[in-house]
Structures are given as C-alpha cells and as structure tokens.
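Peer 1: Contents of target.txt (compact mmCIF, C-alpha atoms (C1' of nucleotides)) are below:
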```txt
# COMPACT_ATOMS: atom_id res chain seq x y z
CA MET A 1 102.62 73.89 133.68
CA PRO A 2 103.27 70.52 132.06
CA ARG A 3 106.21 70.37 129.72
CA ALA A 4 105.52 70.10 126.02
CA GLY A 5 108.57 67.97 125.35
CA LEU A 6 109.47 69.70 122.13
CA THR A 7 112.48 68.91 119.98
CA SER A 8 113.73 70.76 116.96
CA GLY A 9 112.42 67.89 114.88
CA ALA A 10 108.93 68.35 116.31
CA VAL A 11 109.12 72.06 115.52
CA VAL A 12 109.98 71.24 111.92
CA ASP A 13 107.09 68.76 111.82
CA ALA A 14 104.69 71.47 112.94
CA ALA A 15 106.13 73.89 110.40
CA LEU A 16 105.64 71.39 107.59
CA ALA A 17 102.07 70.66 108.67
CA LEU A 18 101.37 74.36 108.65
CA ILE A 19 102.87 74.80 105.20
CA ASP A 20 100.89 71.84 103.87
CA GLU A 21 97.65 73.17 105.25
CA GLU A 22 97.88 76.90 104.72
CA GLY A 23 100.77 77.52 102.37
CA PRO A 24 104.31 78.82 102.85
CA GLY A 25 103.07 82.27 103.82
CA ALA A 26 101.48 80.83 106.95
CA LEU A 27 104.84 79.83 108.38
CA THR A 28 105.25 82.21 111.32
CA LEU A 29 106.74 81.49 114.70
CA ALA A 30 103.47 82.52 116.29
CA ALA A 31 101.58 79.90 114.29
CA VAL A 32 104.15 77.18 114.98
CA ALA A 33 104.04 78.02 118.68
CA ALA A 34 100.25 77.83 118.74
CA ARG A 35 100.31 74.47 116.99
CA THR A 36 102.92 73.01 119.30
CA GLY A 37 101.13 74.32 122.39
CA VAL A 38 103.93 76.57 123.53
CA ALA A 39 104.58 80.32 123.79
CA ALA A 40 106.42 81.80 120.82
CA PRO A 41 109.67 82.65 122.61
CA SER A 42 109.96 79.06 123.82
CA LEU A 43 110.68 77.99 120.27
CA TYR A 44 114.06 79.68 120.53
CA LYS A 45 115.12 76.87 122.85
CA HIS A 46 115.00 74.56 119.83
CA ILE A 47 115.69 76.75 116.82
CA ARG A 48 117.76 79.89 116.41
CA GLY A 49 114.98 81.83 114.69
CA LEU A 50 112.75 81.90 111.64
CA PRO A 51 115.54 81.80 109.05
CA GLU A 52 116.98 78.67 110.63
CA LEU A 53 113.56 77.05 110.81
CA ARG A 54 113.12 77.73 107.10
CA LYS A 55 116.47 76.13 106.44
CA LEU A 56 115.59 73.05 108.47
CA VAL A 57 112.30 72.75 106.64
CA GLY A 58 114.15 73.02 103.33
CA LEU A 59 116.53 70.28 104.40
CA ARG A 60 113.65 67.97 105.25
CA VAL A 61 112.04 68.57 101.90
CA MET A 62 115.30 67.80 100.13
CA ASP A 63 115.80 64.64 102.17
CA ASP A 64 112.29 63.41 101.47
CA MET A 65 112.73 64.04 97.78
CA THR A 66 116.09 62.30 97.69
CA GLU A 67 114.53 59.22 99.22
CA ARG A 68 111.65 59.19 96.75
CA LEU A 69 113.86 59.81 93.75
CA GLY A 70 116.32 57.16 94.82
CA ALA A 71 113.54 54.61 95.24
CA ALA A 72 112.12 55.47 91.83
CA ALA A 73 115.43 55.11 90.05
CA MET A 74 116.34 51.92 91.88
CA GLY A 75 116.48 48.89 89.62
CA ARG A 76 116.12 50.88 86.43
CA SER A 77 118.63 52.31 84.02
CA ARG A 78 118.94 54.79 81.19
CA ASP A 79 115.66 56.06 79.70
CA GLU A 80 113.58 54.00 82.11
CA ALA A 81 115.44 55.46 85.07
CA THR A 82 115.34 59.01 83.72
CA ALA A 83 111.60 58.89 83.15
CA ALA A 84 110.97 57.32 86.56
CA LEU A 85 113.11 59.97 88.22
CA MET A 86 111.25 62.77 86.51
CA ARG A 87 107.85 61.31 87.32
CA ALA A 88 108.82 60.85 90.95
CA TRP A 89 109.97 64.46 91.13
CA ARG A 90 106.67 65.76 89.91
CA SER A 91 104.70 63.35 92.05
CA TYR A 92 106.25 64.98 95.10
CA VAL A 93 104.93 68.31 93.94
CA VAL A 94 101.50 66.90 93.28
CA ASP A 95 101.42 65.31 96.73
CA PHE A 96 102.81 68.38 98.56
CA PRO A 97 102.32 71.44 96.39
CA HIS A 98 103.02 73.94 99.13
CA ARG A 99 106.07 72.11 100.36
CA TYR A 100 107.79 72.40 97.02
CA ALA A 101 107.61 76.19 97.30
CA VAL A 102 110.02 76.06 100.24
CA PHE A 103 112.55 73.94 98.39
CA PRO A 104 115.80 75.90 98.89
CA ASP A 105 116.83 78.14 96.03
CA ASN A 106 120.52 77.37 96.03
CA PRO A 107 121.27 74.14 97.85
CA LEU A 108 124.66 73.87 96.18
CA ILE A 109 125.92 77.25 97.35
CA ASP A 110 124.74 77.57 100.94
CA PRO A 111 127.29 75.73 103.10
CA GLU A 112 124.59 74.39 105.40
CA LEU A 113 122.67 72.88 102.51
CA VAL A 114 125.44 71.69 100.26
CA ASP A 115 125.71 68.18 101.73
CA THR A 116 122.03 67.42 101.42
CA GLY A 117 121.85 69.15 98.05
CA THR A 118 124.76 67.15 96.75
CA ARG A 119 123.14 63.92 97.87
CA LEU A 120 120.07 64.82 95.82
CA MET A 121 122.20 65.77 92.85
CA GLU A 122 124.03 62.46 93.15
CA VAL A 123 120.81 60.59 92.43
CA ILE A 124 120.56 62.41 89.13
CA LEU A 125 124.23 61.90 88.36
CA ALA A 126 123.89 58.20 89.09
CA VAL A 127 121.13 57.88 86.52
CA LEU A 128 123.17 59.77 83.96
CA ARG A 129 126.17 57.57 84.59
CA GLY A 130 124.02 54.82 83.13
CA TYR A 131 124.45 56.55 79.77
CA GLY A 132 128.20 56.63 80.22
CA LEU A 133 128.12 60.37 80.92
CA GLU A 134 131.02 61.66 82.97
CA GLY A 135 132.71 64.93 83.84
CA ALA A 136 131.60 68.15 82.18
CA GLU A 137 129.04 66.48 79.96
CA ALA A 138 127.36 64.91 82.98
CA ILE A 139 127.22 68.32 84.69
CA HIS A 140 125.59 69.96 81.69
CA ALA A 141 123.08 67.14 81.35
CA THR A 142 122.28 67.27 85.06
CA ARG A 143 121.59 70.96 84.83
CA CYS A 144 119.26 70.47 81.89
CA LEU A 145 117.34 67.74 83.62
CA ARG A 146 117.14 69.75 86.80
CA ALA A 147 116.03 72.89 84.97
CA ALA A 148 113.28 71.11 83.05
CA VAL A 149 111.95 69.24 86.02
CA HIS A 150 112.19 72.12 88.47
CA GLY A 151 110.67 74.54 86.00
CA PHE A 152 107.63 72.37 85.46
CA ALA A 153 107.33 71.57 89.14
CA SER A 154 107.59 75.14 90.36
CA VAL A 155 105.08 76.45 87.87
CA GLU A 156 102.68 73.65 88.69
CA ALA A 157 103.17 74.07 92.45
CA ALA A 158 102.28 77.74 92.13
CA GLY A 159 99.18 76.83 90.13
CA GLY A 160 100.71 78.68 87.23
CA PHE A 161 99.54 76.61 84.29
CA GLY A 162 96.45 78.41 83.17
CA LEU A 163 94.60 76.42 80.57
CA GLY A 164 92.70 73.25 81.17
CA GLU A 165 94.75 70.84 79.07
CA ASN A 166 95.93 67.71 80.84
CA LEU A 167 99.13 68.30 82.78
CA ASP A 168 100.23 64.66 82.67
CA THR A 169 100.31 64.84 78.90
CA SER A 170 102.42 67.99 78.96
CA TYR A 171 104.81 66.39 81.39
CA GLU A 172 105.21 63.24 79.36
CA MET A 173 106.15 65.46 76.43
CA LEU A 174 108.78 67.15 78.58
CA ILE A 175 110.13 63.76 79.67
CA ALA A 176 110.38 62.71 76.03
CA MET A 177 112.23 65.94 75.21
CA VAL A 178 114.78 65.41 77.93
CA VAL A 179 115.24 61.72 77.35
CA SER A 180 115.75 62.10 73.63
CA GLY A 181 117.97 65.12 74.11
CA LEU A 182 120.49 63.53 76.46
CA PRO A 183 123.91 62.98 74.92
CA ARG A 184 124.40 59.30 74.09
CA PRO A 185 127.91 57.98 74.11
CA PRO A 186 128.08 54.68 72.21
CA THR A 187 127.04 51.65 74.26
CA PRO A 188 129.99 49.30 74.55
CA MET B 1 107.86 121.47 102.14
CA PRO B 2 108.44 121.06 98.42
CA ARG B 3 106.39 118.44 96.70
CA ALA B 4 108.15 115.31 95.48
CA GLY B 5 105.94 114.93 92.44
CA LEU B 6 105.61 111.19 92.73
CA THR B 7 103.53 108.99 90.46
CA SER B 8 102.77 105.32 90.81
CA GLY B 9 105.19 104.74 87.96
CA ALA B 10 107.97 106.49 89.85
CA VAL B 11 107.23 104.36 92.91
CA VAL B 12 107.57 101.23 90.77
CA ASP B 13 110.85 102.61 89.35
CA ALA B 14 112.22 103.03 92.86
CA ALA B 15 111.05 99.56 93.83
CA LEU B 16 112.82 98.04 90.82
CA ALA B 17 116.02 99.94 91.57
CA LEU B 18 115.92 98.64 95.11
CA ILE B 19 115.36 95.08 93.96
CA ASP B 20 118.20 95.36 91.45
CA GLU B 21 120.59 96.70 94.05
CA GLU B 22 119.74 94.76 97.18
CA GLY B 23 117.55 91.87 96.13
CA PRO B 24 113.83 91.16 96.42
CA GLY B 25 114.00 90.99 100.20
CA ALA B 26 114.91 94.66 100.37
CA LEU B 27 111.57 95.72 98.93
CA THR B 28 109.87 97.42 101.87
CA LEU B 29 107.68 100.49 101.84
CA ALA B 30 110.10 102.16 104.24
CA ALA B 31 112.97 101.67 101.81
CA VAL B 32 110.96 102.84 98.82
CA ALA B 33 109.87 105.91 100.77
CA ALA B 34 113.45 106.74 101.73
CA ARG B 35 114.58 106.39 98.14
CA THR B 36 111.81 108.57 96.77
CA GLY B 37 112.37 111.20 99.47
CA VAL B 38 108.96 110.88 101.04
CA ALA B 39 107.48 109.60 104.30
CA ALA B 40 106.26 106.02 104.16
CA PRO B 41 102.53 106.74 104.53
CA SER B 42 102.69 109.14 101.58
CA LEU B 43 103.22 106.17 99.28
CA TYR B 44 99.62 105.17 99.89
CA LYS B 45 98.57 108.14 97.75
CA HIS B 46 100.00 106.27 94.77
CA ILE B 47 99.71 102.59 95.61
CA ARG B 48 97.24 100.67 97.71
CA GLY B 49 99.90 98.89 99.73
CA LEU B 50 102.81 96.49 99.51
CA PRO B 51 100.94 93.66 97.79
CA GLU B 52 99.81 96.01 95.03
CA LEU B 53 103.31 97.38 94.64
CA ARG B 54 104.59 93.84 94.21
CA LYS B 55 101.98 93.22 91.59
CA LEU B 56 102.89 96.38 89.69
CA VAL B 57 106.54 95.44 89.81
CA GLY B 58 105.67 92.00 88.47
CA LEU B 59 103.70 93.54 85.64
CA ARG B 60 106.65 95.72 84.66
CA VAL B 61 108.96 92.75 84.61
CA MET B 62 106.56 90.82 82.42
CA ASP B 63 106.13 93.76 80.06
CA ASP B 64 109.88 94.25 79.73
CA MET B 65 110.38 90.58 79.02
CA THR B 66 107.59 90.51 76.46
CA GLU B 67 109.25 93.37 74.62
CA ARG B 68 112.64 91.67 74.62
CA LEU B 69 111.27 88.30 73.60
CA GLY B 70 109.19 89.80 70.83
CA ALA B 71 112.18 91.67 69.47
CA ALA B 72 114.31 88.53 69.57
CA ALA B 73 111.76 86.41 67.73
CA MET B 74 111.02 89.10 65.17
CA GLY B 75 112.12 88.17 61.68
CA ARG B 76 112.97 84.58 62.56
CA SER B 77 111.01 81.40 62.38
CA ARG B 78 111.02 77.83 63.65
CA ASP B 79 114.25 76.62 65.25
CA GLU B 80 115.95 79.98 64.75
CA ALA B 81 113.08 81.76 66.46
CA THR B 82 112.86 79.23 69.29
CA ALA B 83 116.55 79.48 70.06
CA ALA B 84 116.50 83.27 69.90
CA LEU B 85 113.50 83.37 72.22
CA MET B 86 115.17 81.12 74.73
CA ARG B 87 118.44 83.06 74.64
CA ALA B 88 116.60 86.34 75.10
CA TRP B 89 114.74 84.92 78.10
CA ARG B 90 117.93 83.96 79.82
CA SER B 91 119.66 87.19 78.88
CA TYR B 92 117.02 89.03 80.88
CA VAL B 93 117.91 86.97 83.92
CA VAL B 94 121.61 87.56 83.41
CA ASP B 95 121.02 91.31 83.09
CA PHE B 96 118.60 91.53 86.05
CA PRO B 97 119.04 88.51 88.27
CA HIS B 98 117.09 89.89 91.21
CA ARG B 99 114.27 91.12 89.07
CA TYR B 100 113.55 87.66 87.78
CA ALA B 101 112.85 86.52 91.32
CA VAL B 102 109.79 88.78 91.44
CA PHE B 103 108.36 87.45 88.22
CA PRO B 104 104.77 86.56 89.21
CA ASP B 105 104.17 82.92 90.05
CA ASN B 106 100.87 82.48 88.29
CA PRO B 107 100.30 85.24 85.74
CA LEU B 108 97.63 83.17 83.99
CA ILE B 109 95.47 82.73 87.06
CA ASP B 110 95.48 86.11 88.79
CA PRO B 111 92.85 88.27 87.07
CA GLU B 112 95.02 91.38 87.34
CA LEU B 113 97.94 89.68 85.64
CA VAL B 114 96.19 87.56 83.06
CA ASP B 115 96.25 90.16 80.27
CA THR B 116 99.94 90.85 80.55
CA GLY B 117 100.70 87.18 81.10
CA THR B 118 98.72 86.19 78.06
CA ARG B 119 100.59 88.72 75.95
CA LEU B 120 103.85 87.11 76.99
CA MET B 121 102.49 83.65 76.31
CA GLU B 122 101.36 84.82 72.89
CA VAL B 123 104.96 85.47 71.90
CA ILE B 124 105.76 81.84 72.58
CA LEU B 125 102.63 80.63 70.85
CA ALA B 126 103.47 82.75 67.80
CA VAL B 127 106.84 81.07 67.50
CA LEU B 128 105.26 77.63 67.84
CA ARG B 129 102.71 78.45 65.20
CA GLY B 130 105.69 78.58 62.86
CA TYR B 131 105.88 74.82 63.24
CA GLY B 132 102.21 74.46 62.39
CA LEU B 133 101.36 73.70 66.01
CA GLU B 134 97.81 74.52 67.03
CA GLY B 135 95.36 73.72 69.79
CA ALA B 136 96.23 71.24 72.49
CA GLU B 137 99.57 70.33 71.00
CA ALA B 138 100.62 74.00 71.01
CA ILE B 139 99.60 74.29 74.66
CA HIS B 140 101.66 71.28 75.68
CA ALA B 141 104.66 72.50 73.72
CA THR B 142 104.34 75.97 75.24
CA ARG B 143 104.32 74.49 78.71
CA CYS B 144 107.44 72.47 77.98
CA LEU B 145 109.28 75.45 76.60
CA ARG B 146 108.19 77.59 79.50
CA ALA B 147 109.14 74.97 82.06
CA ALA B 148 112.61 74.44 80.62
CA VAL B 149 113.38 78.10 80.23
CA HIS B 150 111.91 79.18 83.55
CA GLY B 151 113.57 76.32 85.38
CA PHE B 152 116.99 77.24 84.12
CA ALA B 153 116.39 80.94 84.64
CA SER B 154 115.11 80.65 88.17
CA VAL B 155 117.91 78.38 89.28
CA GLU B 156 120.48 80.66 87.69
CA ALA B 157 118.87 83.81 89.12
CA ALA B 158 119.10 82.31 92.59
CA GLY B 159 122.74 81.45 91.99
CA GLY B 160 121.77 77.82 92.32
CA PHE B 161 124.11 76.16 89.85
CA GLY B 162 126.99 75.08 91.98
CA LEU B 163 129.84 73.83 89.90
CA GLY B 164 132.05 75.94 87.75
CA GLU B 165 131.20 74.55 84.35
CA ASN B 166 130.20 77.09 81.73
CA LEU B 167 126.53 78.00 81.97
CA ASP B 168 126.23 79.06 78.33
CA THR B 169 127.19 75.56 77.28
CA SER B 170 124.58 74.03 79.56
CA TYR B 171 121.95 76.36 78.21
CA GLU B 172 122.77 75.63 74.60
CA MET B 173 122.28 71.96 75.42
CA LEU B 174 118.87 72.75 76.89
CA ILE B 175 117.96 74.75 73.78
CA ALA B 176 118.94 71.82 71.61
CA MET B 177 116.82 69.50 73.75
CA VAL B 178 113.76 71.66 73.42
CA VAL B 179 114.21 72.44 69.75
CA SER B 180 114.70 68.82 68.79
CA GLY B 181 111.88 67.69 71.04
CA LEU B 182 109.17 69.93 69.62
CA PRO B 183 106.49 68.08 67.68
CA ARG B 184 106.97 68.64 63.94
CA PRO B 185 103.93 68.46 61.75
CA PRO B 186 104.93 67.94 58.12
CA THR B 187 105.91 71.13 56.29
CA PRO B 188 103.50 71.69 53.43
C1' DG C 1 117.41 64.42 148.46
C1' DC C 2 119.92 67.99 146.18
C1' DA C 3 122.07 70.49 142.40
C1' DC C 4 122.01 72.02 137.99
C1' DA C 5 120.93 72.11 133.07
C1' DA C 6 117.40 72.73 130.03
C1' DA C 7 112.57 73.97 128.88
C1' DG C 8 109.27 76.83 129.59
C1' DC C 9 107.20 81.45 130.84
C1' DT C 10 106.11 86.86 130.90
C1' DA C 11 107.54 91.30 129.70
C1' DT C 12 109.74 94.25 126.53
C1' DT C 13 111.91 96.10 122.34
C1' DT C 14 112.18 96.81 117.46
C1' DG C 15 110.77 97.10 112.61
C1' DC C 16 107.41 97.53 109.30
C1' DA C 17 102.66 97.90 107.28
C1' DA C 18 98.71 100.21 107.60
C1' DT C 19 95.05 103.75 109.03
C1' DA C 20 93.33 108.30 110.64
C1' DG C 21 93.15 112.77 110.23
C1' DC C 22 95.47 117.29 109.50
C1' DT C 23 98.05 120.77 106.34
C1' DT C 24 99.43 122.87 102.33
C1' DA C 25 100.81 123.10 97.51
C1' DA C 26 99.32 123.68 93.03
C1' DA C 27 95.91 123.68 89.43
C1' DA C 28 91.23 125.13 87.77
C1' DG C 29 87.41 128.51 87.72
C1' DC C 30 85.78 133.04 87.97
C1' DG D 1 94.89 137.80 89.90
C1' DC D 2 92.31 135.96 93.61
C1' DT D 3 89.61 132.11 95.35
C1' DT D 4 88.28 127.41 95.56
C1' DT D 5 89.20 122.79 95.64
C1' DT D 6 91.65 118.56 94.96
C1' DA D 7 95.20 115.76 95.99
C1' DA D 8 100.03 115.21 97.76
C1' DG D 9 102.25 115.31 101.53
C1' DC D 10 102.81 115.15 106.69
C1' DT D 11 102.66 113.37 111.93
C1' DA D 12 100.70 110.40 115.14
C1' DT D 13 99.00 105.96 116.19
C1' DT D 14 97.79 101.03 116.00
C1' DG D 15 98.73 96.23 115.26
C1' DC D 16 101.48 92.32 114.35
C1' DA D 17 105.40 89.39 114.31
C1' DA D 18 110.33 88.46 115.45
C1' DA D 19 113.55 88.68 118.66
C1' DT D 20 115.86 89.43 123.36
C1' DA D 21 116.19 89.56 128.47
C1' DG D 22 115.62 87.59 132.46
C1' DC D 23 112.84 84.74 135.73
C1' DT D 24 110.68 80.07 137.10
C1' DT D 25 110.08 75.31 137.00
C1' DT D 26 110.88 70.63 135.73
C1' DG D 27 113.27 66.65 135.58
C1' DT D 28 117.73 64.09 135.59
C1' DG D 29 122.17 62.61 137.51
C1' DC D 30 124.92 62.16 141.53
```
Could you write out this file's structure as structure tokens?

Peer 2:
Amino acid sequence: MPRAGLTSGAVVDAALALIDEEGPGALTLAAVAARTGVAAPSLYKHIRGLPELRKLVGLRVMDDMTERLGAAAMGRSRDEATAALMRAWRSYVVDFPHRYAVFPDNPLIDPELVDTGTRLMEVILAVLRGYGLEGAEAIHATRCLRAAVHGFASVEAAGGFGLGENLDTSYEMLIAMVVSGLPRPPTP
Amino acid sequence: MPRAGLTSGAVVDAALALIDEEGPGALTLAAVAARTGVAAPSLYKHIRGLPELRKLVGLRVMDDMTERLGAAAMGRSRDEATAALMRAWRSYVVDFPHRYAVFPDNPLIDPELVDTGTRLMEVILAVLRGYGLEGAEAIHATRCLRAAVHGFASVEAAGGFGLGENLDTSYEMLIAMVVSGLPRPPTP
DNA sequence: GCACAAAGCTATTTGCAATAGCTTAAAAGC
DNA sequence: GCTTTTAAGCTATTGCAAATAGCTTTGTGC
C-alpha cells in the first residue's frame, strides 16, 4: 500500500475543505480520513484527536484573519484604518461563512491559543493606537470593536439576519457607529 | 415501577439545569434521562430526539429573554429604553452564561423558531420606534443593536475577554456607541 | 544492505442516539 | 367497581463515530 505522505498540516487542510463544503458539523475524523485517502485511525499519527484538530483549525482561521486584517489596515490610520479593518473582518466571513463558525470562542484564555489570539488583537490595538488610545481605554475600545464586528459576523455566518434588506448598508451603519463612538483624545 | 410523570416541559427543565451546571456540551439524552430518573429511550415519549430537545431549549431561552427585555424597556423610551434593553440582555448572560451559548443561531430563518424570534425582535423594534425609526432604517438599526449586544454577550459567555479590565465599563462604552450612533429623525 | 523510526493498517472497545417491540400504570367508559 | 384502552415506561438491539491496541510496511540513515 502506497504511503499517503500526510502531515498534520495536510490534515488541517482537509478539515478546512470539509468545513467549507459541508459546514462545521461535517468535521468528523471519518470524513477527514476519507478525504485524505487514509483509514481513520491513521490520522492519530498526525493529530492527537478531534479536539486537537478543531484547535488547529481554529488557529489557522485566526492566522488567516490576522493576515487579512493586517493587510487591510496597512498604510491607513484612524477612521480609515478602523473602517478598513472592519470591512476586512466581514469580508472573511462572506468568503468563508462556515469557517467563521469554528473561530475559537476564547482565544485569549486557552493557553494554546493565546499567542495567536494576541497577535490578532494586536492588529486592532495598533489601529486604536492611531487615536492615541492607550492602557485601559484602549482595552475597552478594543472590546467594543471586537464585540460589534464579531456579533455581526457570527449572525451573518449563521444566516441569522432574516429580512431582505441589504447587509452592506447595515454594516456600514455599524462601522459608522463604532468609528464615531471611539474615544478621541486631542490630536497633538 | 412507579411512573415518573414526565412532560416535555420537565424534560426541557432538566436539560436547562444540566446546561447551567455543566455547560452546553453536557446536554446528552443519557444525562437528561439520569437526571429525570428514567431510561434514555423513555425520553422519546416526550421529545422526538436530541435535535428537537435543543430546539425546545432554544425556544425557552428566547422566551425568557423576551420577557426580561420587555420588562426592562417597559415605561422607558429612546436612549433610556435602549440602554435598559442592552443592560438587560447582558444581565441574562451574566446570570446564565451557559444558557446563552444555546441561543439559536438563526431564529428568523428556522420556521419553528421564527414566531418566537420575531417576538424578541419586536421588543427591539418597539424601542426603535420611539426614535421615529420605521421601515428599512429600523431594520438596519435593529441589526446593529443586535450585532453589538450579541457580540459582547457571546464573547463574555464564552469567557473570551482576556484581560482584567472591568467588563461593565466596556459595556457602558458599547451602549454609548450604539445610543449615539442611532439615526435620529427630528422630534416633532 | 541493514536497522529502526514513523506511517499506515485491521480489529476492538466504548459511548451515545435511535428504533423495535413488550409491559404495565392510570384514566375513561360502562 | 370492573373493564378497556391509551400512553408511559421498560429492555434489547442497531448503527455510528472516536479512540486504543497492536501488527505490518515503508523509507531513511548508517
């Protein structure tokens, strides 16, 4: 029997493809094994089990988002940067609706996620530093931005907005809310 | 063997107690059966299966929240009502953190949830009507409010806010953002 | 060319949801 | 007050997916 040449990265790839195609509920070891052309127990040579696979998938999603958000904020500052960041966040959800559902719940608590989660949070903090926000005020503002953006994204990813009104319009209103609601220390 | 005298309501009660005590992951038919003093297959006399039980639990959570939110908004209007509504929403999460995690993803899409979901949405719409908001603008504003409030609540319920800063302060900032960002037609 | 680590396999166990089909408690009718 | 019937409960069984144990094979390094 020829060797499949799997790596844990390839297992995560297959898991993501599965999630994209059939939703988070389709992520089973049996399905991943079938897709990678291997028997289910063989996966344990690369991952410790389903919980770890979920964690690895979550890490990949966070990394991808960090890259996108960083690119969007790059070269902009203040309101421009905030709006670009928020639009990039949602665009990830629009591009990969199922993937967003496996975004880890508490990346800042779980020790195995805290590094990656912090890196993502740093992108937000960097944008807010453009307003001169530091310390506690920056934390509160980050939480507000995160809550608004994640709330919209998670509802949209779940298909939870019922009525037919344009979602872009709603989101632009949310962006305006956040932007105008950020504390504004005097510009020197 | 004495009869347990179960009803579907009692099954949902047991499910909620389990979720409160051990988290959403602990909701299994086996556990519910043990708690109600009945063999697992007996539960099927009252519920169609685990998916239905989850749905019933979700409905109860939505109903409870609707009651709380309605009571909070009662007798207030405009900014007062909006702030009270938002505080009541979060207070539910603080009181029942695990329960919030089983709040249905898309209550406005699923035909079996749409009535209850609409009733909840009506509470928000009623508050926004106090600003003279109608039609599309009311929909967009409702989505923003919902996104902000649900985003904060779901992150907090999952224990996802890492740093030690005071959460009440963060939330008051979010309330201020939303309140000041709502469209304001001229008061007659 | 051989030794050994790693990648793969089959077989098995465990936990839970779900179905089938039987038994008996309790309420409704006479 | 006895019978009839409905529905609440049971045990036994099936099916599925994760996980573990232990064997086999492939490929690399010496």

Peer 1: Give me, as number ranges by chain, the contact residues of chain A against chain B at a cut-off of 6 Å, counting only C-alpha atoms.

Peer 2: A: 105-106, 108-109, 140, 144, 147-148, 150-152, 158, 160, 162, 170, 174, 177, 181

Peer 1: Using all atoms listed in the file, can you tell me which of D:DC2, D:DA18, D:DC23, D:DA7 comes closest to chain B?

Peer 2: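 Residue with the minimum atom-to-atom distance to chain B: D:DA7.
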
Peer 1: Choose the residue, out of D:DG22, D:DG9, D:DG15, D:DG29, that has the smallest atom-to-atom separation from chain B; count all atoms listed in the file.

Peer 2: D:DG9

Peer 1: Which chain A residues are at most 12 Å from chain C (counting all atoms listed in the file), as an mmCIF file with C-alpha atoms, in the coordinates of the input?

Peer 2:
```cif
data_model
loop_
_atom_site.group_PDB
_atom_site.id
_atom_site.type_symbol
_atom_site.label_atom_id
_atom_site.label_comp_id
_atom_site.auth_asym_id
_atom_site.auth_seq_id
_atom_site.Cartn_x
_atom_site.Cartn_y
_atom_site.Cartn_z
ATOM 1 C CA MET A 1 102.620 73.890 133.680
ATOM 2 C CA PRO A 2 103.270 70.520 132.060
ATOM 3 C CA ARG A 3 106.210 70.370 129.720
ATOM 4 C CA ALA A 4 105.520 70.100 126.020
ATOM 5 C CA GLY A 5 108.570 67.970 125.350
ATOM 6 C CA LEU A 6 109.470 69.700 122.130
ATOM 7 C CA THR A 7 112.480 68.910 119.980
ATOM 8 C CA GLY A 37 101.130 74.320 122.390
ATOM 9 C CA VAL A 38 103.930 76.570 123.530
ATOM 10 C CA ALA A 39 104.580 80.320 123.790
ATOM 11 C CA ALA A 40 106.420 81.800 120.820
ATOM 12 C CA PRO A 41 109.670 82.650 122.610
ATOM 13 C CA SER A 42 109.960 79.060 123.820
ATOM 14 C CA LEU A 43 110.680 77.990 120.270
ATOM 15 C CA TYR A 44 114.060 79.680 120.530
ATOM 16 C CA LYS A 45 115.120 76.870 122.850
ATOM 17 C CA HIS A 46 115.000 74.560 119.830
#
```

Peer 1: Do me a favour and pick out the residues of chain D within 9 Å of chain A, using only C-alpha atoms (C1' of nucleotides), as an MDAnalysis selection string.

Peer 2: chainID D and resid 17:19 25:26

Peer 1: Keeping C-alpha atoms (C1' of nucleotides), export the residues of the selection given above as a tab-separated table (two decimals), in the coordinates of the input.

Peer 2:
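And here's result23.tsv as it stands now:
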```tsv
chain	number	residue	atom	x	y	z
D	17	DA	C1'	105.40	89.39	114.31
D	18	DA	C1'	110.33	88.46	115.45
D	19	DA	C1'	113.55	88.68	118.66
D	25	DT	C1'	110.08	75.31	137.00
D	26	DT	C1'	110.88	70.63	135.73
```

Peer 1: Could you tell me how far CA of Gly9 in chain A lies from C1' of DG27 in chain D, in Å and to one decimal?

Peer 2: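 Result for CA of Gly9 in chain A versus C1' of DG27 in chain D: 20.8 Å, one decimal.
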
Peer 1: When you draw a straight line from CA of Leu85 in chain A to CA of Glu112 in chain A, how long is it in Å?

Peer 2: 25.2 Å

Peer 1: Please, what distance in Å, to one decimal, runs between CA of Asp20 in chain A and CA of Arg87 in chain A?

Peer 2: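 Result for CA of Asp20 in chain A versus CA of Arg87 in chain A: 20.8 Å, one decimal.
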
Peer 1: For range 8-19 of chain C, take all atoms listed in the file, fit an axis-aligned box around them, add 8 Å to each of the six sides, then output centre and edge lengths in Å rounded to one decimal, as AutoDock Vina command-line options.

Peer 2:
```
--center_x 103.6 --center_y 90.3 --center_z 119.1 --size_x 33.1 --size_y 42.9 --size_z 39.6
```

Peer 1: May I ask which of the residues A:Leu113, A:Leu133, A:Ala81, A:Ile19 is the closest one to Leu56 in chain A, counting all atoms listed in the file?

Peer 2: A:Leu113
